[in-house]
>>> print(open('upload_37.txt').read())   # compact mmCIF, C-alpha atoms and all ligand atoms
# COMPACT_ATOMS: atom_id res chain seq x y z
CA MET E 27 -61.60 -72.20 -22.26
CA ILE E 28 -61.19 -68.64 -23.54
CA LEU E 29 -59.19 -66.25 -21.34
CA LEU E 30 -60.46 -62.70 -21.51
CA LEU E 31 -58.11 -60.12 -20.02
CA GLY E 32 -60.53 -57.50 -18.79
CA GLY E 33 -61.04 -54.55 -16.50
CA THR E 34 -63.10 -52.60 -19.04
CA ALA E 35 -66.79 -52.23 -19.86
CA ASP E 36 -66.16 -53.64 -23.33
CA ALA E 37 -64.56 -56.77 -21.85
CA ARG E 38 -67.69 -57.29 -19.76
CA THR E 39 -69.90 -56.93 -22.85
CA LEU E 40 -67.74 -59.40 -24.78
CA ALA E 41 -67.82 -61.87 -21.87
CA GLU E 42 -71.60 -61.61 -21.69
CA GLN E 43 -71.98 -62.22 -25.44
CA LEU E 44 -69.57 -65.15 -25.49
CA VAL E 45 -71.17 -66.83 -22.49
CA GLY E 46 -74.58 -66.23 -24.07
CA ARG E 47 -73.36 -68.03 -27.20
CA GLY E 48 -72.29 -71.05 -25.16
CA HIS E 49 -68.54 -70.44 -24.89
CA GLU E 50 -66.54 -71.17 -21.77
CA VAL E 51 -64.93 -67.93 -20.67
CA THR E 52 -62.73 -66.92 -17.77
CA SER E 53 -62.37 -63.16 -17.33
CA SER E 54 -59.27 -61.93 -15.58
CA LEU E 55 -59.21 -58.70 -13.58
CA ALA E 56 -56.08 -57.08 -12.20
CA GLY E 57 -57.63 -56.37 -8.80
CA ALA E 58 -56.95 -52.64 -9.22
CA VAL E 59 -60.50 -51.61 -8.25
CA ALA E 60 -61.90 -52.38 -4.78
CA HIS E 61 -65.42 -53.37 -5.92
CA PRO E 62 -65.22 -54.26 -9.61
CA ARG E 63 -68.28 -54.85 -11.77
CA LEU E 64 -68.09 -58.57 -12.39
CA PRO E 65 -68.49 -60.05 -15.89
CA SER E 66 -70.52 -63.12 -16.86
CA GLY E 67 -68.75 -66.47 -16.77
CA LYS E 68 -65.84 -67.40 -14.55
CA VAL E 69 -63.74 -64.67 -13.01
CA ARG E 70 -60.23 -64.67 -11.58
CA ILE E 71 -58.70 -61.65 -9.87
CA GLY E 72 -55.06 -60.54 -9.48
CA GLY E 73 -51.84 -60.45 -11.49
CA PHE E 74 -50.46 -63.67 -13.00
CA GLY E 75 -46.91 -63.04 -11.87
CA GLY E 76 -45.39 -61.69 -15.08
CA VAL E 77 -44.86 -63.54 -18.36
CA ALA E 78 -43.81 -66.80 -16.66
CA GLY E 79 -46.89 -66.79 -14.45
CA LEU E 80 -49.24 -66.15 -17.36
CA THR E 81 -47.56 -68.82 -19.51
CA GLY E 82 -48.04 -71.32 -16.68
CA TYR E 83 -51.67 -70.27 -16.30
CA LEU E 84 -52.39 -70.72 -20.02
CA ARG E 85 -50.95 -74.23 -19.93
CA ALA E 86 -52.48 -75.30 -16.61
CA HIS E 87 -55.98 -74.15 -17.58
CA HIS E 88 -55.89 -75.43 -21.19
CA ILE E 89 -56.62 -71.97 -22.57
CA CYS E 90 -57.40 -72.21 -26.30
CA ALA E 91 -57.46 -68.46 -27.05
CA VAL E 92 -56.74 -65.18 -25.29
CA VAL E 93 -58.52 -61.91 -25.94
CA ASP E 94 -56.66 -59.00 -24.39
CA ALA E 95 -59.48 -56.52 -23.82
CA THR E 96 -57.66 -54.51 -21.18
CA HIS E 97 -57.69 -50.72 -21.26
CA PRO E 98 -55.79 -49.12 -24.19
CA PHE E 99 -53.25 -47.81 -21.65
CA ALA E 100 -52.59 -51.22 -20.02
CA ALA E 101 -49.45 -51.67 -22.14
CA ARG E 102 -47.58 -53.92 -19.76
CA MET E 103 -50.36 -56.50 -19.67
CA THR E 104 -50.52 -56.42 -23.48
CA SER E 105 -46.81 -57.04 -23.78
CA HIS E 106 -46.95 -59.86 -21.20
CA ALA E 107 -49.89 -61.45 -23.01
CA GLN E 108 -48.01 -61.36 -26.30
CA ALA E 109 -44.90 -63.01 -24.84
CA ALA E 110 -46.83 -65.64 -22.84
CA CYS E 111 -49.12 -66.58 -25.74
CA ALA E 112 -46.09 -66.98 -28.01
CA GLN E 113 -44.45 -69.29 -25.48
CA ALA E 114 -47.58 -71.35 -24.83
CA LYS E 115 -48.58 -71.26 -28.54
CA VAL E 116 -52.03 -69.84 -27.80
CA PRO E 117 -53.71 -67.50 -30.33
CA LEU E 118 -54.02 -63.93 -29.05
CA LEU E 119 -56.22 -61.03 -30.11
CA ARG E 120 -55.79 -57.46 -28.86
CA TYR E 121 -59.21 -55.85 -28.63
CA VAL E 122 -58.83 -52.12 -28.35
CA ARG E 123 -61.71 -49.72 -28.84
CA ALA E 124 -61.37 -46.96 -31.40
CA SER E 125 -59.37 -43.89 -30.43
CA TRP E 126 -61.03 -40.52 -29.83
CA ALA E 127 -58.62 -39.00 -32.36
CA THR E 128 -61.43 -38.65 -34.92
CA ARG E 129 -63.14 -36.21 -32.53
CA CYS E 130 -60.01 -34.09 -32.28
CA ASP E 131 -60.57 -30.36 -32.60
CA ALA E 132 -57.17 -29.08 -33.72
CA ASP E 133 -57.84 -25.65 -32.17
CA GLN E 134 -58.72 -27.01 -28.73
CA TRP E 135 -56.78 -30.26 -28.40
CA HIS E 136 -53.13 -30.65 -27.43
CA TRP E 137 -51.65 -34.14 -27.66
CA ALA E 138 -49.18 -35.23 -24.97
CA ASP E 139 -46.86 -38.22 -25.20
CA ASP E 140 -46.55 -38.79 -21.46
CA LEU E 141 -47.82 -37.55 -18.12
CA ASP E 142 -44.98 -35.04 -17.55
CA ASN E 143 -45.61 -33.57 -20.97
CA ALA E 144 -49.35 -33.39 -20.22
CA ARG E 145 -48.68 -31.54 -16.98
CA GLY E 146 -46.50 -28.96 -18.73
CA VAL E 147 -49.06 -28.37 -21.47
CA ALA E 148 -51.91 -28.06 -18.94
CA GLU E 149 -49.90 -25.47 -16.99
CA ARG E 150 -49.63 -23.35 -20.12
CA GLN E 151 -53.28 -23.79 -21.13
CA GLY E 152 -55.16 -23.00 -17.93
CA GLN E 153 -55.29 -22.48 -14.18
CA ARG E 154 -57.98 -24.86 -12.99
CA THR E 155 -57.62 -28.42 -14.25
CA PHE E 156 -60.06 -31.28 -14.54
CA LEU E 157 -57.77 -34.30 -14.27
CA ALA E 158 -59.67 -37.20 -15.79
CA ILE E 159 -56.94 -39.81 -16.11
CA GLY E 160 -57.94 -42.18 -13.30
CA ARG E 161 -55.86 -42.60 -10.18
CA GLN E 162 -52.94 -44.19 -11.99
CA GLY E 163 -50.69 -41.47 -13.29
CA VAL E 164 -51.63 -38.89 -10.69
CA GLU E 165 -48.11 -38.71 -9.28
CA PRO E 166 -46.55 -36.21 -11.74
CA PHE E 167 -49.42 -33.80 -11.02
CA LEU E 168 -48.85 -33.82 -7.25
CA ALA E 169 -46.39 -30.97 -7.82
CA TRP E 170 -49.52 -28.81 -8.13
CA GLN E 171 -49.57 -27.99 -4.43
CA GLU E 172 -51.35 -24.67 -4.91
CA ARG E 173 -53.20 -25.16 -8.15
CA TYR E 174 -56.87 -26.06 -8.06
CA THR E 175 -57.33 -29.56 -9.51
CA LEU E 176 -60.48 -31.59 -9.85
CA LEU E 177 -59.62 -35.30 -9.83
CA ARG E 178 -62.34 -37.79 -10.76
CA VAL E 179 -61.59 -41.40 -9.78
CA VAL E 180 -63.35 -44.69 -9.02
CA ASP E 181 -61.15 -45.42 -6.00
CA PRO E 182 -59.12 -42.78 -4.13
CA PRO E 183 -55.46 -42.38 -5.18
CA GLU E 184 -52.92 -44.22 -3.04
CA LEU E 185 -50.79 -41.10 -2.53
CA PRO E 186 -52.13 -38.11 -0.55
CA VAL E 187 -53.19 -35.24 -2.81
CA PRO E 188 -52.68 -31.51 -2.11
CA ALA E 189 -55.29 -29.85 0.13
CA CYS E 190 -56.46 -27.51 -2.65
CA TRP E 191 -57.51 -30.48 -4.84
CA ASP E 192 -61.06 -31.69 -5.11
CA VAL E 193 -61.35 -35.48 -5.36
CA ILE E 194 -64.66 -36.82 -6.67
CA ARG E 195 -65.36 -40.54 -6.62
CA ALA E 196 -67.56 -41.58 -9.51
CA ARG E 197 -67.83 -44.36 -12.08
CA GLY E 198 -68.96 -43.78 -15.66
CA PRO E 199 -70.83 -43.63 -17.88
CA PHE E 200 -71.10 -39.86 -17.49
CA THR E 201 -73.48 -37.46 -19.21
CA VAL E 202 -72.72 -34.24 -21.07
CA ALA E 203 -75.21 -32.36 -18.88
CA GLY E 204 -73.55 -33.70 -15.72
CA ASP E 205 -70.03 -32.93 -16.91
CA LEU E 206 -71.05 -29.47 -18.10
CA GLN E 207 -72.47 -28.71 -14.68
CA LEU E 208 -69.40 -30.09 -12.94
CA MET E 209 -66.98 -28.09 -15.09
CA ARG E 210 -68.99 -24.89 -14.81
CA GLN E 211 -69.38 -25.18 -11.04
CA ARG E 212 -65.65 -25.78 -10.53
CA ARG E 213 -64.71 -23.08 -13.10
CA ILE E 214 -62.54 -25.58 -14.95
CA ASP E 215 -60.46 -24.04 -17.73
CA VAL E 216 -58.38 -27.03 -18.91
CA LEU E 217 -59.14 -30.76 -19.17
CA VAL E 218 -56.49 -33.50 -19.06
CA ALA E 219 -57.69 -36.89 -20.35
CA LYS E 220 -56.38 -40.19 -21.70
CA ASP E 221 -57.36 -41.24 -25.21
CA ALA E 222 -59.38 -44.10 -23.76
CA GLY E 223 -61.98 -44.19 -26.54
CA GLY E 224 -65.46 -45.58 -26.00
CA ALA E 225 -68.69 -44.02 -24.89
CA ALA E 226 -68.51 -44.09 -21.09
CA GLY E 227 -66.02 -41.24 -20.72
CA VAL E 228 -66.71 -39.21 -23.84
CA ALA E 229 -69.12 -36.74 -22.18
CA LYS E 230 -66.28 -34.68 -20.75
CA LEU E 231 -64.95 -34.05 -24.27
CA ASP E 232 -68.34 -32.81 -25.46
CA ALA E 233 -68.65 -30.66 -22.34
CA ALA E 234 -65.16 -29.19 -22.89
CA ALA E 235 -66.02 -28.46 -26.52
CA ARG E 236 -69.22 -26.65 -25.52
CA LEU E 237 -67.30 -24.59 -22.96
CA GLN E 238 -64.42 -24.07 -25.41
CA ILE E 239 -61.97 -25.40 -22.86
CA PRO E 240 -58.60 -26.72 -24.07
CA VAL E 241 -58.10 -30.48 -23.86
CA VAL E 242 -54.73 -32.07 -23.14
CA MET E 243 -55.03 -35.59 -24.54
CA LEU E 244 -52.59 -38.33 -23.59
CA ARG E 245 -51.59 -40.36 -26.59
CA ARG E 246 -52.08 -44.14 -26.38
CA PRO E 247 -49.11 -46.47 -26.06
CA PRO E 248 -48.55 -48.19 -29.43
CA ILE E 249 -49.91 -51.68 -30.07
CA PRO E 250 -47.19 -54.11 -31.16
CA GLU E 251 -47.43 -54.34 -34.97
CA ASP E 252 -47.48 -58.12 -35.20
CA LEU E 253 -50.53 -58.49 -32.98
CA ALA E 254 -53.97 -59.40 -34.37
CA THR E 255 -56.34 -56.59 -33.40
CA ALA E 256 -60.06 -55.85 -33.29
CA THR E 257 -61.75 -52.53 -32.61
CA THR E 258 -65.31 -53.79 -32.22
CA ILE E 259 -66.82 -56.50 -30.11
CA GLU E 260 -68.31 -58.11 -33.23
CA GLN E 261 -64.84 -58.33 -34.79
CA ALA E 262 -63.46 -59.94 -31.62
CA ARG E 263 -66.28 -62.46 -31.54
CA GLY E 264 -65.82 -63.13 -35.26
CA TRP E 265 -62.07 -63.71 -34.79
CA LEU E 266 -62.74 -66.25 -32.05
CA GLU E 267 -65.49 -68.14 -33.83
CA ALA E 268 -63.76 -68.17 -37.21
CA GLY E 269 -60.55 -69.56 -35.74
CA PRO E 270 -59.61 -70.67 -32.25
CA VAL E 271 -63.08 -71.67 -31.04
CA SER E 272 -66.03 -72.71 -33.12
CA ARG E 273 -69.45 -71.83 -31.78
CA PRO E 274 -70.68 -74.55 -29.41
CA GLN E 275 -73.94 -76.30 -30.20
CA LEU E 276 -76.46 -74.87 -27.76
CA PRO E 277 -79.22 -77.27 -26.62
CA ALA E 278 -82.39 -76.74 -28.62
CA VAL E 279 -85.14 -74.88 -26.78
CA GLY E 280 -87.57 -77.32 -25.15
CA ASN E 281 -85.00 -80.16 -24.78
P1 LIG R 301 -50.65 -52.69 -16.80
O1 LIG R 301 -49.80 -51.57 -16.30
O2 LIG R 301 -50.60 -53.02 -18.23
O3 LIG R 301 -50.32 -54.03 -16.00
C1 LIG R 301 -49.66 -54.05 -14.75
C2 LIG R 301 -49.80 -55.44 -14.15
O4 LIG R 301 -51.14 -55.63 -13.67
C3 LIG R 301 -49.59 -56.56 -15.15
O5 LIG R 301 -48.22 -56.84 -15.32
C4 LIG R 301 -50.37 -57.69 -14.50
O6 LIG R 301 -49.65 -58.22 -13.40
C5 LIG R 301 -51.55 -56.96 -13.89
N1 LIG R 301 -52.71 -56.93 -14.77
C6 LIG R 301 -53.13 -55.94 -15.61
N2 LIG R 301 -54.28 -56.26 -16.18
C7 LIG R 301 -54.63 -57.49 -15.71
C8 LIG R 301 -55.73 -58.35 -15.92
N3 LIG R 301 -56.75 -58.01 -16.73
N4 LIG R 301 -55.74 -59.53 -15.27
C9 LIG R 301 -54.72 -59.89 -14.44
N5 LIG R 301 -53.66 -59.10 -14.19
C10 LIG R 301 -53.61 -57.92 -14.81
O7 LIG R 301 -52.18 -52.47 -16.37
P2 LIG R 301 -52.84 -51.20 -15.70
O8 LIG R 301 -52.75 -50.06 -16.64
O9 LIG R 301 -52.29 -51.11 -14.31
O10 LIG R 301 -54.37 -51.67 -15.65
C11 LIG R 301 -54.78 -52.61 -14.66
C12 LIG R 301 -56.22 -52.98 -14.96
O11 LIG R 301 -57.04 -51.82 -14.92
C13 LIG R 301 -56.43 -53.61 -16.32
O12 LIG R 301 -57.36 -54.67 -16.16
C14 LIG R 301 -57.03 -52.50 -17.16
O13 LIG R 301 -57.91 -52.99 -18.15
C15 LIG R 301 -57.77 -51.69 -16.11
N6 LIG R 301 -57.84 -50.25 -16.43
C16 LIG R 301 -56.71 -49.54 -16.67
C17 LIG R 301 -56.80 -48.18 -16.96
C18 LIG R 301 -55.58 -47.38 -17.28
O14 LIG R 301 -55.73 -46.17 -17.51
N7 LIG R 301 -54.39 -47.95 -17.31
C19 LIG R 301 -58.06 -47.58 -16.98
C20 LIG R 301 -59.21 -48.34 -16.73
C21 LIG R 301 -59.08 -49.68 -16.44
P3 LIG R 301 -48.72 -59.55 -13.55
O15 LIG R 301 -47.48 -59.10 -14.26
O16 LIG R 301 -48.50 -59.98 -12.13
O17 LIG R 301 -49.50 -60.57 -14.34
>>> encode(input="upload_37.txt", output="structure tokens")
Amino acid sequence: MILLLGGTADARTLAEQLVGRGHEVTSSLAGAVAHPRLPSGKVRIGGFGGVAGLTGYLRAHHICAVVDATHPFAARMTSHAQAACAQAKVPLLRYVRASWATRCDADQWHWADDLDNARGVAERQGQRTFLAIGRQGVEPFLAWQERYTLLRVVDPPELPVPACWDVIRARGPFTVAGDLQLMRQRRIDVLVAKDAGGAAGVAKLDAAARLQIPVVMLRRPPIPEDLATATTIEQARGWLEAGPVSRPQLPAVGN
């Protein structure tokens, strides 16, 4: 059984491909989203209970390989997976989609190392912020009691937000036309985003570029150096099938 740590669109795609190729896959979701899109194969939901809990899970369920395809900012899960896989002697791959850094426009982009830093930079760059960082990480921005802020989230934030904020509930993928309209309508003049990578959330960057709006981009947490990594789904599949799991023999059509 392969354990796929998910919660991302790419993890769902990988699960679908692996199941389609005859592998046994359990996808794990944190339970952070009320109505998650469910991947193919088996699914379990909720934390494991730290490193000890995950180590126990790997052993109890005879997991032969783990692919950590959580979001690039899910650093705690990545570190737990690394420690638990080392203890249970299970091969681990960190799948992390390519960064948006290659799209960086040095004149418009400002990199921030953490949320407090991002807030300070945004305050200097504009007045009306599009906060596109998900609901996690909203807390440092709640100091903006009188500053117009557009927050786009899948589920509402747990903490109450200031009355002058606009909270939109939406799930990607988004379009450039849609994000352009949204940013024009709300007279957005600065965008704060996480360097999530991938296609689903990239429209806001194209929209900001067209409107020549500054972008405050949160830098990704580093990936531990000694971790095997893949940046494409094909690489992840290749890693699995070349090593921990060979491709199962699918029954011939007509049998
Ligand atoms: P995190 O800070 O790295 O992890 C916090 C705790 O959540 C972990 O210690 C673990 O609990 C549990 N957890 C995280 N991912 C899990 C998974 N796939 N299956 C089971 N338990 C999981 O993670 P996060 O940043 O809160 O992200 C939570 C989930 O949301 C992840 O699945 C991630 O892919 C997804 N997500 C995150 C972001 C983001 O910006 N951070 C954006 C989009 C989606 P235990 O210690 O109890 O095992």
>>> closest_residue(input="upload_37.txt", among="E:Thr39, E:Thr34, E:Thr258, E:Gln238", to="Arg197 of chain E", atoms="all atoms listed in the file")
E:Thr34
>>> closest_residue(input="upload_37.txt", among="E:Val241, E:Gln113, E:Val77, E:Arg213", to="Ala148 of chain E", atoms="only C-alpha atoms")
E:Val241
>>> closest_atom_pairs(input="upload_37.txt", of="chain E", to="ligand LIG 301 (chain R)", cutoff="9 Å", atoms="only C-alpha atoms and all ligand atoms", output="Markdown table")
| residue | atom | partner | partner_atom | distance |
| --- | --- | --- | --- | --- |
| E:Leu30 | CA | R:LIG301 | N3 | 7.7 |
| E:Leu31 | CA | R:LIG301 | N3 | 4.1 |
| E:Gly32 | CA | R:LIG301 | N3 | 4.3 |
| E:Gly33 | CA | R:LIG301 | O12 | 3.7 |
| E:Thr34 | CA | R:LIG301 | O13 | 5.3 |
| E:Ala35 | CA | R:LIG301 | C21 | 8.8 |
| E:Ala37 | CA | R:LIG301 | O13 | 8.5 |
| E:Ser53 | CA | R:LIG301 | N3 | 7.6 |
| E:Ser54 | CA | R:LIG301 | N4 | 4.3 |
| E:Leu55 | CA | R:LIG301 | N4 | 3.9 |
| E:Ala56 | CA | R:LIG301 | C10 | 3.7 |
| E:Gly57 | CA | R:LIG301 | C12 | 7.2 |
| E:Ala58 | CA | R:LIG301 | O11 | 5.8 |
| E:Val59 | CA | R:LIG301 | O11 | 7.5 |
| E:Arg70 | CA | R:LIG301 | N4 | 7.8 |
| E:Ile71 | CA | R:LIG301 | C9 | 6.3 |
| E:Gly72 | CA | R:LIG301 | C9 | 5.0 |
| E:Gly73 | CA | R:LIG301 | O16 | 3.4 |
| E:Phe74 | CA | R:LIG301 | O17 | 3.5 |
| E:Gly75 | CA | R:LIG301 | O16 | 3.5 |
| E:Gly76 | CA | R:LIG301 | O15 | 3.4 |
| E:Val77 | CA | R:LIG301 | O15 | 6.6 |
| E:Ala78 | CA | R:LIG301 | O17 | 8.8 |
| E:Gly79 | CA | R:LIG301 | O17 | 6.7 |
| E:Leu80 | CA | R:LIG301 | O17 | 6.4 |
| E:Asp94 | CA | R:LIG301 | N3 | 7.7 |
| E:Ala95 | CA | R:LIG301 | O13 | 6.9 |
| E:Thr96 | CA | R:LIG301 | O13 | 3.4 |
| E:His97 | CA | R:LIG301 | O13 | 3.9 |
| E:Pro98 | CA | R:LIG301 | N7 | 7.1 |
| E:Phe99 | CA | R:LIG301 | N7 | 4.5 |
| E:Ala100 | CA | R:LIG301 | O2 | 3.2 |
| E:Ala101 | CA | R:LIG301 | O2 | 4.3 |
| E:Arg102 | CA | R:LIG301 | O2 | 3.5 |
| E:Met103 | CA | R:LIG301 | O2 | 3.8 |
| E:Thr104 | CA | R:LIG301 | O2 | 6.3 |
| E:Ser105 | CA | R:LIG301 | O2 | 7.8 |
| E:His106 | CA | R:LIG301 | O5 | 6.7 |
| E:Ala107 | CA | R:LIG301 | O17 | 8.7 |
| E:Ile159 | CA | R:LIG301 | O14 | 6.6 |
| E:Gly160 | CA | R:LIG301 | O14 | 6.2 |
| E:Arg161 | CA | R:LIG301 | O14 | 8.2 |
| E:Gln162 | CA | R:LIG301 | O14 | 6.5 |
| E:Gly163 | CA | R:LIG301 | O14 | 8.1 |
| E:Lys220 | CA | R:LIG301 | O14 | 7.3 |
| E:Ala222 | CA | R:LIG301 | O14 | 7.5 |
>>> residues_around(input="upload_37.txt", residues="Asp192 of chain E", least_positions_apart="5", cutoff="10 Å", atoms="all atoms listed in the file", output="list in words")
Phe156, Tyr174, Thr175, Leu176, Leu177, Arg178, Val187 and Arg212 of chain E
>>> residues_around(input="upload_37.txt", residues="segment 114-131 of chain E", least_positions_apart="2", cutoff="9 Å", atoms="only C-alpha atoms", output="ChimeraX atom specification")
/E:36-37,81-82,84-85,89-98,104,107-112,133-135,221-224,228,231,235,246,249,253-259,261-262,265-266,269-270
>>> atom_distance(input="upload_37.txt", atom1="atom CA of Arg263 of chain E", atom2="atom CA of Lys68 of chain E")
17.7 Å
>>> atom_distance(input="upload_37.txt", atom1="atom CA of Pro166 of chain E", atom2="atom CA of Val242 of chain E")
14.6 Å
